Structure formats: structure tokens, C-alpha cells
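Shown next: final05.cif, containing mmCIF, C-alpha atoms.
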```cif
data_coords
loop_
_atom_site.label_atom_id
_atom_site.label_comp_id
_atom_site.auth_asym_id
_atom_site.auth_seq_id
_atom_site.Cartn_x
_atom_site.Cartn_y
_atom_site.Cartn_z
CA MET A 147 14.17 47.66 46.65
CA LYS A 148 11.50 50.01 47.96
CA VAL A 149 8.37 50.69 45.94
CA GLU A 150 5.37 52.83 46.83
CA PHE A 151 1.92 52.49 45.31
CA PHE A 152 -1.68 53.01 46.26
CA LEU A 153 -3.35 49.83 47.49
CA ASN A 154 -7.10 50.30 47.68
CA ASP A 155 -6.58 54.08 47.82
CA ARG A 156 -4.01 54.00 50.64
CA LYS A 157 -0.42 54.80 49.80
CA ARG A 158 1.79 51.96 50.98
CA GLN A 159 5.48 51.16 50.80
CA PHE A 160 6.76 47.66 50.09
CA ASP A 161 10.20 46.14 50.10
CA VAL A 162 10.45 43.80 47.12
CA SER A 163 13.06 42.07 45.02
CA PRO A 164 13.19 43.20 41.35
CA ASP A 165 11.73 39.88 40.19
CA GLU A 166 8.79 39.77 42.62
CA TYR A 167 5.37 39.73 41.03
CA LEU A 168 2.42 41.74 42.33
CA LEU A 169 0.49 38.57 43.15
CA GLU A 170 3.16 37.55 45.65
CA THR A 171 3.38 41.05 47.14
CA LEU A 172 -0.37 41.23 47.67
CA ARG A 173 -0.76 37.79 49.20
CA LYS A 174 2.22 38.32 51.51
CA ASN A 175 0.42 41.42 52.73
CA HIS A 176 -2.83 39.61 53.49
CA ILE A 177 -4.76 40.60 50.36
CA THR A 178 -6.12 37.08 50.01
CA SER A 179 -8.97 37.80 47.60
CA VAL A 180 -6.28 37.67 44.91
CA LYS A 181 -5.81 33.98 44.16
CA ASN A 182 -2.83 32.07 42.87
CA GLY A 183 -4.08 29.79 40.12
CA CYS A 184 -1.99 28.98 37.05
CA ASN A 185 0.70 31.60 37.79
CA GLU A 186 1.40 31.79 34.05
CA SER A 187 -0.92 34.48 32.69
CA THR A 188 -3.79 32.25 31.70
CA CYS A 189 -6.50 31.67 34.32
CA GLY A 190 -7.37 35.20 35.52
CA VAL A 191 -7.98 34.37 39.21
CA CYS A 192 -5.18 36.77 40.16
CA SER A 193 -6.81 39.72 38.33
CA VAL A 194 -6.64 43.15 40.00
CA LEU A 195 -7.31 46.66 38.71
CA LEU A 196 -4.21 48.71 37.93
CA ASP A 197 -5.19 52.34 37.42
CA GLY A 198 -8.72 51.03 36.82
CA LYS A 199 -7.81 48.46 34.19
CA PRO A 200 -7.78 44.71 34.78
CA VAL A 201 -4.34 43.09 34.78
CA LEU A 202 -3.02 39.70 35.81
CA SER A 203 -1.08 40.28 39.02
CA CYS A 204 0.98 37.12 38.37
CA THR A 205 2.42 38.91 35.32
CA VAL A 206 3.09 42.41 36.68
CA LEU A 207 6.43 43.02 38.39
CA THR A 208 5.75 44.95 41.60
CA ILE A 209 8.80 47.15 41.15
CA ARG A 210 7.28 48.64 37.97
CA ILE A 211 4.09 50.08 39.50
CA GLU A 212 5.51 53.01 41.47
CA ASP A 213 2.75 55.54 42.29
CA GLN A 214 0.07 53.56 40.47
CA HIS A 215 -3.29 52.52 41.94
CA VAL A 216 -3.98 48.86 42.67
CA THR A 217 -7.56 47.93 43.50
CA THR A 218 -8.70 44.56 44.80
CA VAL A 219 -12.03 43.22 46.01
CA GLU A 220 -11.11 44.41 49.51
CA GLY A 221 -11.36 47.97 48.19
CA LEU A 222 -14.60 47.59 46.25
CA GLN A 223 -16.78 45.57 48.56
CA ASP A 224 -20.13 47.29 47.87
CA GLU A 225 -19.81 47.02 44.10
CA VAL A 226 -18.62 43.42 44.26
CA SER A 227 -21.44 42.51 46.62
CA HIS A 228 -23.87 43.96 44.05
CA ILE A 229 -22.36 41.75 41.31
CA SER A 230 -22.50 38.72 43.62
CA ASP A 231 -26.27 39.16 43.99
CA TYR A 232 -26.73 38.70 40.25
CA PHE A 233 -24.36 35.74 40.21
CA GLY A 234 -26.34 34.11 43.02
CA ASP A 235 -29.66 34.75 41.29
CA GLU A 236 -28.45 33.13 38.07
CA GLY A 237 -26.70 30.20 39.73
CA ALA A 238 -23.46 31.45 38.21
CA ASP A 239 -21.39 30.67 41.24
CA GLN A 240 -20.16 27.48 42.83
CA CYS A 241 -16.73 27.22 44.45
CA GLY A 242 -16.09 30.97 44.20
CA PHE A 243 -12.37 30.71 43.48
CA CYS A 244 -12.65 32.74 40.26
CA ASN A 245 -15.15 35.29 41.60
CA SER A 246 -12.80 38.02 42.82
CA GLY A 247 -10.88 38.27 39.58
CA LEU A 248 -14.01 38.03 37.47
CA ALA A 249 -15.86 40.68 39.50
CA LEU A 250 -13.02 43.17 39.05
CA THR A 251 -12.85 42.45 35.33
CA ILE A 252 -16.61 43.06 35.04
CA ILE A 253 -16.31 46.39 36.87
CA ALA A 254 -13.62 47.45 34.37
CA LEU A 255 -15.75 46.25 31.47
CA LYS A 256 -18.63 48.39 32.70
CA LYS A 257 -16.42 51.48 32.67
CA GLU A 258 -14.91 50.76 29.28
CA TYR A 259 -18.02 49.80 27.28
CA LYS A 260 -21.30 51.69 27.26
CA ASN A 261 -23.32 49.01 25.50
CA PRO A 262 -21.23 45.86 25.18
CA THR A 263 -22.45 43.10 22.89
CA ASP A 264 -22.28 39.46 23.95
CA ASP A 265 -19.07 39.15 21.90
CA ASP A 266 -17.56 42.22 23.61
CA ILE A 267 -18.28 40.65 27.00
CA LYS A 268 -16.89 37.26 25.97
CA ASN A 269 -13.72 38.78 24.49
CA TYR A 270 -13.17 40.84 27.61
CA ILE A 271 -13.63 38.07 30.18
CA VAL A 272 -12.24 35.16 28.18
CA GLY A 273 -9.12 35.23 30.34
CA ASN A 274 -11.13 34.63 33.54
CA LEU A 275 -11.56 30.88 33.73
CA CYS A 276 -14.29 29.16 35.73
CA ARG A 277 -14.27 25.40 36.15
CA CYS A 278 -17.72 25.18 37.75
CA SER A 279 -20.31 27.22 35.95
CA GLY A 280 -20.06 26.63 32.19
CA TYR A 281 -20.19 30.40 31.56
CA GLN A 282 -23.80 30.73 30.31
CA ALA A 283 -25.15 31.58 33.75
CA GLN A 284 -22.24 34.01 34.24
CA LEU A 285 -23.03 35.72 30.95
CA LYS A 286 -26.68 36.13 31.97
CA ALA A 287 -25.66 37.51 35.37
CA ILE A 288 -23.18 39.97 33.83
CA LYS A 289 -25.76 41.22 31.32
CA ARG A 290 -28.34 41.74 34.07
CA TYR A 291 -25.81 43.55 36.24
CA LEU A 292 -24.72 45.83 33.38
CA GLU A 293 -28.31 46.58 32.44
CA ALA A 294 -29.24 47.40 36.05
CA SER A 295 -26.18 49.65 36.37
CA LYS A 296 -27.16 51.94 33.50
CA MET B 6 13.70 33.70 36.36
CA GLU B 7 16.14 36.00 38.14
CA ILE B 8 16.40 39.79 37.92
CA LYS B 9 19.18 41.33 39.98
CA ASN B 10 18.54 45.05 39.40
CA TYR B 11 15.84 47.27 38.00
CA HIS B 12 16.31 50.66 36.36
CA LYS B 13 13.69 53.07 35.04
CA ALA B 14 15.41 54.82 32.12
CA GLN B 15 15.19 58.61 31.94
CA SER B 16 16.09 58.78 28.25
CA LEU B 17 16.47 56.46 25.28
CA ASP B 18 20.18 57.19 25.20
CA GLU B 19 20.58 56.14 28.82
CA ALA B 20 18.66 52.92 28.12
CA TYR B 21 20.77 52.24 25.04
CA GLN B 22 24.08 52.82 26.86
CA MET B 23 22.99 50.50 29.69
CA LEU B 24 22.00 47.85 27.18
CA LEU B 25 25.46 47.98 25.60
CA GLN B 26 27.23 47.82 28.99
CA ASN B 27 26.38 44.21 29.77
CA PRO B 28 24.98 41.45 27.55
CA LYS B 29 22.87 40.33 30.52
CA ASN B 30 21.05 43.67 30.68
CA ALA B 31 17.65 43.67 28.99
CA ILE B 32 14.84 46.01 28.02
CA ILE B 33 11.38 45.09 29.28
CA GLY B 34 8.27 45.74 27.21
CA GLY B 35 5.11 44.51 28.92
CA GLY B 36 6.92 41.54 30.43
CA ALA B 37 3.97 39.33 29.57
CA TRP B 38 5.99 36.48 28.08
CA MET B 39 9.06 36.93 30.28
CA LYS B 40 8.25 33.94 32.49
CA LEU B 41 8.24 31.68 29.44
CA SER B 42 11.91 32.32 28.76
CA SER B 43 13.10 32.14 32.41
CA PRO B 44 15.81 34.72 31.84
CA SER B 45 18.70 35.59 34.12
CA ILE B 46 18.94 39.37 33.93
CA GLU B 47 21.55 41.60 35.49
CA THR B 48 19.64 44.88 35.09
CA LEU B 49 16.12 45.14 33.75
CA ILE B 50 15.72 48.45 31.89
CA ASP B 51 12.21 49.91 31.88
CA LEU B 52 11.08 52.41 29.21
CA LYS B 53 7.73 53.18 30.85
CA ASP B 54 8.58 56.84 31.64
CA LEU B 55 9.63 57.71 28.09
CA GLN B 56 6.19 58.54 26.66
CA LEU B 57 6.26 55.60 24.27
CA ASP B 58 2.66 54.70 25.13
CA GLN B 59 1.00 57.05 22.63
CA ILE B 60 -0.74 56.44 19.30
CA ILE B 61 -0.35 59.45 17.03
CA GLU B 62 -2.38 59.69 13.85
CA THR B 63 -1.31 61.73 10.85
CA GLN B 64 -2.98 62.00 7.47
CA SER B 65 -0.93 59.14 6.09
CA SER B 66 0.07 57.01 9.05
CA LEU B 67 -0.46 55.76 12.57
CA GLU B 68 2.61 56.07 14.77
CA VAL B 69 2.36 53.55 17.58
CA GLY B 70 4.74 53.78 20.55
CA ALA B 71 6.48 50.58 21.56
CA MET B 72 4.92 50.69 25.06
CA VAL B 73 1.34 50.86 23.76
CA THR B 74 -0.56 47.86 25.12
CA LEU B 75 -2.41 45.38 22.95
CA GLN B 76 -5.70 46.50 24.52
CA GLN B 77 -4.91 50.16 23.81
CA LEU B 78 -4.24 49.39 20.17
CA GLU B 79 -7.23 47.05 19.79
CA THR B 80 -9.68 49.70 21.00
CA ASN B 81 -8.13 52.69 19.22
CA PRO B 82 -10.83 54.07 16.86
CA SER B 83 -8.42 54.45 13.90
CA ILE B 84 -7.10 50.91 14.33
CA MET B 85 -10.67 49.64 14.55
CA LYS B 86 -11.34 51.16 11.13
CA LEU B 87 -8.14 49.88 9.51
CA GLY B 88 -8.95 47.15 6.98
CA GLN B 89 -12.45 47.15 8.44
CA GLY B 90 -11.28 45.92 11.80
CA PHE B 91 -9.02 42.96 11.02
CA ILE B 92 -6.08 44.31 13.05
CA SER B 93 -8.35 44.87 16.06
CA LYS B 94 -9.71 41.36 15.61
CA SER B 95 -6.20 39.88 15.61
CA LEU B 96 -5.60 41.59 18.96
CA SER B 97 -8.96 40.74 20.52
CA VAL B 98 -8.28 37.00 20.25
CA ILE B 99 -5.18 37.21 22.46
CA LEU B 100 -6.23 35.85 25.86
CA GLY B 101 -8.34 38.20 28.04
CA ALA B 102 -8.28 41.94 28.75
CA GLY B 103 -6.15 41.31 31.85
CA PHE B 104 -3.35 40.04 29.63
CA ARG B 105 -3.86 42.52 26.79
CA ASN B 106 -3.53 45.40 29.28
CA ILE B 107 0.00 44.17 30.09
CA ALA B 108 1.52 42.96 26.81
CA THR B 109 2.93 45.72 24.61
CA ILE B 110 3.28 46.20 20.88
CA GLY B 111 7.04 46.61 21.23
CA GLY B 112 7.41 43.39 23.20
CA THR B 113 5.30 41.52 20.66
CA VAL B 114 7.31 42.74 17.67
CA VAL B 115 10.75 42.32 19.24
CA GLY B 116 9.78 38.89 20.63
CA LYS B 117 9.01 37.71 17.05
CA TYR B 118 6.69 35.13 18.59
CA ALA B 119 5.88 32.50 15.98
CA PHE B 120 2.40 32.05 17.46
CA SER B 121 1.61 35.78 17.34
CA ASP B 122 -1.86 36.46 15.97
CA PHE B 123 -1.18 40.19 15.72
CA LEU B 124 2.07 39.89 13.74
CA THR B 125 0.33 37.74 11.12
CA ALA B 126 -2.24 40.47 10.47
CA LEU B 127 0.19 43.36 10.76
CA LEU B 128 2.52 41.83 8.18
CA THR B 129 -0.06 42.39 5.44
CA LEU B 130 0.19 46.18 5.93
CA PRO B 131 3.07 48.52 5.01
CA VAL B 132 4.81 48.93 8.37
CA THR B 133 8.09 50.64 9.24
CA LEU B 134 9.85 49.92 12.53
CA VAL B 135 11.79 52.78 14.11
CA PHE B 136 14.76 51.94 16.34
CA TYR B 137 16.99 54.01 18.59
CA PRO B 138 19.59 55.31 17.84
CA HIS B 139 18.96 55.57 14.11
CA LYS B 140 17.67 52.53 12.29
CA GLU B 141 14.47 51.99 10.34
CA MET B 142 13.37 48.82 8.61
CA SER B 143 10.23 47.11 7.40
CA LEU B 144 8.45 44.66 9.67
CA GLU B 145 9.13 41.87 7.19
CA ALA B 146 12.87 42.61 7.10
CA PHE B 147 12.99 42.64 10.90
CA LEU B 148 11.14 39.33 11.24
CA ASN B 149 13.55 37.76 8.74
CA HIS B 150 16.63 39.23 10.41
CA LYS B 151 18.79 36.65 12.18
CA GLY B 152 21.16 37.36 15.02
CA LYS B 153 21.40 39.79 17.90
CA PHE B 154 19.85 43.21 17.60
CA ASN B 155 20.86 45.81 20.19
CA ASP B 156 18.92 48.83 18.93
CA ILE B 157 15.77 49.77 20.83
CA LEU B 158 12.41 49.64 19.09
CA THR B 159 10.63 52.92 19.82
CA HIS B 160 7.74 53.07 17.34
CA ILE B 161 5.95 51.15 14.66
CA ILE B 162 4.60 53.25 11.82
CA ILE B 163 1.59 51.84 10.02
CA HIS B 164 1.26 53.54 6.63
CA LYS B 165 -2.45 53.92 6.04
CA GLN B 166 -4.05 52.19 3.08
CA ASP B 167 -7.74 51.93 2.34
CA GLY B 168 -8.72 48.34 1.95
CA LEU B 169 -10.42 45.27 3.32
CA GLY B 170 -8.79 42.84 5.70
CA PHE B 171 -9.43 39.27 6.82
CA PHE B 172 -7.95 37.54 9.83
CA LYS B 173 -8.50 34.03 11.13
CA LYS B 174 -6.97 32.37 14.17
CA VAL B 175 -7.50 28.62 14.26
CA ALA B 176 -7.25 27.29 17.83
CA LEU B 177 -9.01 24.65 19.88
CA THR B 178 -10.12 27.16 22.53
CA PRO B 179 -9.82 30.96 22.81
CA LEU B 180 -7.04 30.61 25.39
CA GLU B 181 -4.80 28.34 23.34
CA LEU B 182 -2.08 29.40 20.96
CA ALA B 183 -3.03 29.28 17.30
CA ILE B 184 -2.62 26.11 15.28
CA LEU B 185 -2.56 28.44 12.28
CA ASN B 186 -3.10 32.14 11.59
CA VAL B 187 -4.16 33.51 8.21
CA ALA B 188 -4.48 37.16 7.16
CA VAL B 189 -5.41 38.66 3.80
CA PHE B 190 -5.49 42.37 2.96
CA LYS B 191 -6.65 43.91 -0.30
CA SER B 192 -6.04 47.53 -1.24
CA ALA B 193 -5.61 49.49 -4.46
CA GLN B 194 -2.01 48.18 -4.48
CA GLY B 195 -3.22 44.58 -4.60
CA TYR B 196 -3.42 41.59 -2.26
CA GLN B 197 -1.18 40.64 0.65
CA ILE B 198 -1.39 37.16 2.20
CA SER B 199 0.30 36.26 5.47
CA ILE B 200 0.52 32.90 7.25
CA GLY B 201 1.57 32.53 10.90
CA SER B 202 1.90 29.83 13.54
CA ARG B 203 2.91 27.35 10.78
CA PRO B 204 4.30 26.56 13.49
CA GLY B 205 7.08 28.90 12.29
CA GLY B 206 6.61 32.66 12.50
CA ALA B 207 4.45 34.82 10.27
CA ILE B 208 5.59 35.22 6.67
CA LEU B 209 4.19 36.73 3.51
CA ALA B 210 3.27 34.20 0.82
CA HIS B 211 5.18 36.05 -1.93
CA GLU B 212 4.69 33.60 -4.79
CA ALA B 213 0.94 33.47 -4.21
CA ILE B 214 0.78 37.26 -3.81
CA ASP B 215 2.64 37.77 -7.10
CA TYR B 216 0.34 35.31 -8.84
CA ILE B 217 -2.94 36.83 -7.71
CA ASN B 218 -1.78 40.40 -8.23
CA ALA B 219 -0.91 39.57 -11.86
CA GLN B 220 -4.50 38.56 -12.63
CA LYS B 221 -6.89 40.90 -14.40
CA GLU B 222 -9.98 39.29 -12.95
CA ILE B 223 -10.42 37.28 -9.76
CA THR B 224 -12.39 34.11 -10.40
CA GLU B 225 -13.06 30.99 -8.36
CA SER B 226 -10.29 29.11 -10.19
CA ILE B 227 -7.78 31.94 -9.62
CA ILE B 228 -8.59 31.81 -5.90
CA ASP B 229 -8.16 28.02 -5.90
CA GLN B 230 -4.83 28.31 -7.67
CA THR B 231 -3.64 31.05 -5.25
CA SER B 232 -4.39 28.86 -2.24
CA GLU B 233 -2.59 25.93 -3.94
CA ILE B 234 0.48 28.11 -4.44
CA VAL B 235 0.36 29.08 -0.75
CA ILE B 236 0.55 25.49 0.43
CA GLU B 237 3.19 24.58 -2.18
CA THR B 238 5.53 27.48 -1.45
CA VAL B 239 5.05 28.31 2.23
CA LYS B 240 6.85 26.03 4.66
CA PHE B 241 4.53 24.27 7.11
CA GLY B 242 5.50 21.86 9.86
CA SER B 243 4.14 19.59 12.58
CA SER B 244 3.85 20.26 16.30
CA LYS B 245 1.77 18.97 19.21
CA ALA B 246 -1.00 21.36 18.15
CA GLY B 247 -1.34 20.00 14.63
CA SER B 248 0.35 18.11 11.81
CA GLU B 249 1.85 19.63 8.68
CA ASP B 250 -0.94 18.15 6.55
CA TYR B 251 -3.61 19.55 8.85
CA ARG B 252 -2.03 23.01 8.72
CA LYS B 253 -1.89 22.86 4.92
CA ALA B 254 -5.56 21.91 4.75
CA LEU B 255 -6.44 24.78 7.07
CA ALA B 256 -4.31 27.23 5.10
CA LYS B 257 -5.90 26.21 1.82
CA ALA B 258 -9.42 26.69 3.19
CA TYR B 259 -8.81 29.97 5.00
CA VAL B 260 -6.75 31.61 2.26
CA LYS B 261 -9.64 30.92 -0.11
CA ARG B 262 -12.15 32.24 2.39
CA GLY B 263 -10.04 35.31 3.09
CA ILE B 264 -9.61 36.23 -0.57
CA LYS B 265 -13.33 35.81 -1.17
CA GLU B 266 -14.20 37.98 1.81
CA VAL B 267 -11.94 40.86 0.80
CA THR B 268 -12.85 40.57 -2.90
CA PHE B 269 -16.58 40.05 -3.00
CA LYS B 270 -17.78 41.59 0.28
#
```

Please rewrite the model in this file as C-alpha cells.
Amino acid sequence: MKVEFFLNDRKRQFDVSPDEYLLETLRKNHITSVKNGCNESTCGVCSVLLDGKPVLSCTVLTIRIEDQHVTTVEGLQDEVSHISDYFGDEGADQCGFCNSGLALTIIALKKEYKNPTDDDIKNYIVGNLCRCSGYQAQLKAIKRYLEASK
Amino acid sequence: MEIKNYHKAQSLDEAYQMLLQNPKNAIIGGGAWMKLSSPSIETLIDLKDLQLDQIIETQSSLEVGAMVTLQQLETNPSIMKLGQGFISKSLSVILGAGFRNIATIGGTVVGKYAFSDFLTALLTLPVTLVFYPHKEMSLEAFLNHKGKFNDILTHIIIHKQDGLGFFKKVALTPLELAILNVAVFKSAQGYQISIGSRPGGAILAHEAIDYINAQKEITESIIDQTSEIVIETVKFGSSKAGSEDYRKALAKAYVKRGIKEVTFK
């Protein structure tokens, strides 16, 4: 079946089966910042923005997103690079496998909350697992990034 | 999981007729838990174009469309005020925002997931479910209903009540399913106590509710007795997550804590 949606602001057409998930569609089309981790809605490494909101691409059927906007790290390189600076400064980054999904989730958080508390941040990103950092350095980096973005 | 065809319904009637045509046709809500059941579906019917993603507030109720996402409901200002935030809290503990932006209220209710944090809290409020073509029933009646149900859930209506709410999810980590869920709500009409993830689905503790609502004054011993009645009359069981005895001990402690919080806060 044919489906059209905006991928990083460019309208594209894809030929998919009704049970194909967005994660598969993106990776088949060389959007490799989107990682395949648990593939069961838990780890968050496949996160993308759908109409500006973070979603797990392993859980969204591609056929359902006709005319919607999908944004990945490839489409937000300046903003993600800015976040990466804070992650580097705080030592919040090791293998980098979770970074793309986490960075997109943080960008959405920034839009949704004006002054998020620590609990707001934790509740928002709890679905983005990291097996390297232990989260405290990430939390510091996110808070510094949000503060600097005001 | 196999889906042979996909159809975006243009009306509720069209969706309903398609659903009746073939027992292998199915309605999709958010699709968040679909992988868990590995279904084989002939035609997947999508309601996303039917404007069921709205939350409409009236003086006496909140009318929530079945396609409203968990995140939408959690952050709705009126929901955040309801019972001083306990419904929002029960939604905020469900995985991360990336999941809550997908899962829908309709899918959660129709799925009757035993582990549902949200259903445990929602059950303490007066809630009417609206189905197409013409059925209405309480949330409790729907959760207790056995057998196939072909009508399409379109809205849940939360009848507003002023009161205080308490919700507790007990889990080893934020990403794990609850070992036990406890919710308590107190309004002018009295107390409601709901227990979920027992590991069975959420139910109201009717005997304990009747007992506490018959009391003129709430004392420490009344609260103790209420929590005792909960563990004597509500059915608990064992699973990999926790034993029956452990769940009973948790229920006793958190029912007490919940009643105290909504009574003496």
C-alpha cells in the first residue's frame, strides 16, 4: 500500500505492507539514526517526533501516518548538536546508542514544558533507556540545556 | 502479527458494518499493545479521522474521545485538577512520553488490561462508557462483562465530583508493570477503593467501601479494619512479579495510606 508523509520536512511516498512499523520503514530508507533496540515499546532508542511529539517508531504502523510529519535527528542536526555539547560537558554520553532518541525526546520536552521540574523531566524521559550513564549526568546536562535555551 | 488490509473509516457506521462483516476484522486504538497479542487481522479499521481525539468539558462532566492519547489526558488541565491530580499521576507512571503519545484511552479501556494503572484510578470515579451504535454502561459493568463485545467505544464520560484522590503503583522500576495498583477517592458521596494488578484486573473493593462509608467518624481503627476487609474480600493471586501474600501486605499498607491521605490531608 502507498503512504505519503513528510520525512524531515520533505514529502515522500513509501510502499509498505499494512503491518510494517515506522522503524522498519525509516531504516530501510537509510534513516539510521533511528535505532532498533527492544522492538517492543520499552527502550526508546527508536524515538522520533511525529507532528512534534515523541513516539516510539517500533510501535507506530507506517500506514497510519498519512500526511503527518516525521522528524529524526537527520532533520534537526543543529539543535541535536547543541544538546550533544551539554552531554559531552557532563560526561553523560558513552556508547551513544540511546542519544538520537533521547535528544529528540528532550527537544519535545522543551516545547511542551516551560519550567519542568526534575520529576517532570524524569517522567518524560523515563522511556529512554541508557545502559552506560546512570542518568544523573544526563539529568544535569538536560537541565543545563533547558536553562540555556530559555 | 499479520495485518492483511488497512482501512481508514469515514464514519462510525462504516467502521461498525466492517467490524460485523468478518470476525477477523478489528478496530485499532493506539496499537500500543498490539504486538503483545500477535493478532492475525484481515482488515484493520482505523478511527483516527473521526474526531474522537477531543476532550470536551461541560459543567458536570469531561467527555473524553476514545482516540485521546494517554499523554493528552495526563496533561489536560481539568484532568490535572480532578481528585487533586491522581488520575494524571496514574497516567504519568505508564512508560515514557513516547509510549503515552501512542496509547489511547479507548484502547486501554477496551483492552481491559489487568496491569493497567489508569483503569485502577479511573474506576474510583463515576464513569459512563458510550458505545456505537447505542449502548452506554458504567466502567465497572464493562470491566466485569464477559464475552465478545462488537460495539465501538467512542467516548468515556467522567462525571465530575469534587474530592481527593490517591494513587499508588508498586513496581520494581518505572518501566515494569505494576505488582499492585491501589486507588482511593473521597468525595461528598463517600469513599471508593480500587485494587488493580492483583494480578487480576482492577476491581472496586465493595465490602470495604460499604464498611467505611457506614462509619460516622474515621479513626485509626476504622482505617485498619477497612484495609483488613480489603485483603479478606478482594481476590489476590501470585505471579512472577509477586506472591499473593506479598500483594496482600502491599494492599493493606497502601489502602491505609490512601485513606489517611484523602481523609486527613

Please identify all residues of chain A having at least one atom at most 6 Å from any atom of chain B, considering only C-alpha atoms, and return them as a list in words. Pro164, Asp165, Pro200, Val201, Leu202, Thr205, Tyr270, Ile271, Val272 and Gly273 of chain A

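Here CA of Cys204 (chain A) stands at a distance of 22.6 Å from CA of Asp122 (chain B).
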
Mind checking which residues fall within 9 Å of Asp235 (chain A), counting only C-alpha atoms, ignoring those fewer than 4 positions away in the same chain, and posting them as a VMD selection string? chain A and resid 230 to 231 287

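Between Thr109 (chain B) and the residues B:Phe154, B:Glu62, B:Ile33, B:Ser45, the shortest atom-to-atom distance, using only C-alpha atoms, involves B:Ile33.
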
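Distances from B:Leu185, B:Leu134, B:Leu124, B:Leu158 to Gly242 (chain B) were compared using all atoms listed in the file, and the smallest one belongs to B:Leu185.
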
When the PyMOL selection byres ((chain A and resi 157) around 12) is applied to the structure above, which residues does it catch, written out as JSON, numbers by chain? {"A": [149, 150, 151, 152, 153, 154, 155, 156, 158, 159, 160, 212, 213, 214, 215, 216, 217]}

Do you know which residues are at most 8 Å from region 17-22 of chain B counting only C-alpha atoms, after dropping those on the same chain fewer than 5 positions away, and could you put them as an MDAnalysis selection string? chainID B and resid 32 50 52 55 137:138 156:157

Written file, previous selection with C-alpha atoms, as a tab-separated table (two decimals), in the coordinates of the input:
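The resulting selection.tsv:
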```tsv
chain	number	residue	atom	x	y	z
B	32	ILE	CA	14.84	46.01	28.02
B	50	ILE	CA	15.72	48.45	31.89
B	52	LEU	CA	11.08	52.41	29.21
B	55	LEU	CA	9.63	57.71	28.09
B	137	TYR	CA	16.99	54.01	18.59
B	138	PRO	CA	19.59	55.31	17.84
B	156	ASP	CA	18.92	48.83	18.93
B	157	ILE	CA	15.77	49.77	20.83
```

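Residues selected in this file by the PyMOL selection byres ((chain A and resi 147) around 8) comprise A:Lys148, A:Val149, A:Asp161, A:Val162, A:Ser163, A:Pro164, A:Ile209.
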
Write out as a list in words the residues lying within 9 Å of Lys199 (chain A), counting all atoms listed in the file and excluding same-chain residues fewer than 4 positions away. Val194, Leu195, Leu250, Thr251, Ala254, Leu255 and Glu258 of chain A; Ala102, Gly103 and Asn106 of chain B

Run the PyMOL selection byres ((chain B and resi 216) around 10) against the file shown and list the residues it catches, as a ChimeraX atom specification. /B:196,211-215,217-220,227,230-231,234

File of the preceding selection, C-alpha atoms, as an mmCIF file, in the coordinates of the input:
```
data_model
loop_
_atom_site.group_PDB
_atom_site.id
_atom_site.type_symbol
_atom_site.label_atom_id
_atom_site.label_comp_id
_atom_site.auth_asym_id
_atom_site.auth_seq_id
_atom_site.Cartn_x
_atom_site.Cartn_y
_atom_site.Cartn_z
ATOM 1 C CA TYR B 196 -3.420 41.590 -2.260
ATOM 2 C CA HIS B 211 5.180 36.050 -1.930
ATOM 3 C CA GLU B 212 4.690 33.600 -4.790
ATOM 4 C CA ALA B 213 0.940 33.470 -4.210
ATOM 5 C CA ILE B 214 0.780 37.260 -3.810
ATOM 6 C CA ASP B 215 2.640 37.770 -7.100
ATOM 7 C CA ILE B 217 -2.940 36.830 -7.710
ATOM 8 C CA ASN B 218 -1.780 40.400 -8.230
ATOM 9 C CA ALA B 219 -0.910 39.570 -11.860
ATOM 10 C CA GLN B 220 -4.500 38.560 -12.630
ATOM 11 C CA ILE B 227 -7.780 31.940 -9.620
ATOM 12 C CA GLN B 230 -4.830 28.310 -7.670
ATOM 13 C CA THR B 231 -3.640 31.050 -5.250
ATOM 14 C CA ILE B 234 0.480 28.110 -4.440
#
```

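Counting all atoms listed in the file, the residue from A:Asn261, A:Glu170, A:Glu236, A:Phe243 that sits nearest to Lys286 (chain A) is A:Glu236.
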
Two-atom distance - CA of Ser192 (chain B), CA of Glu141 (chain B) (Å): 24.0 Å
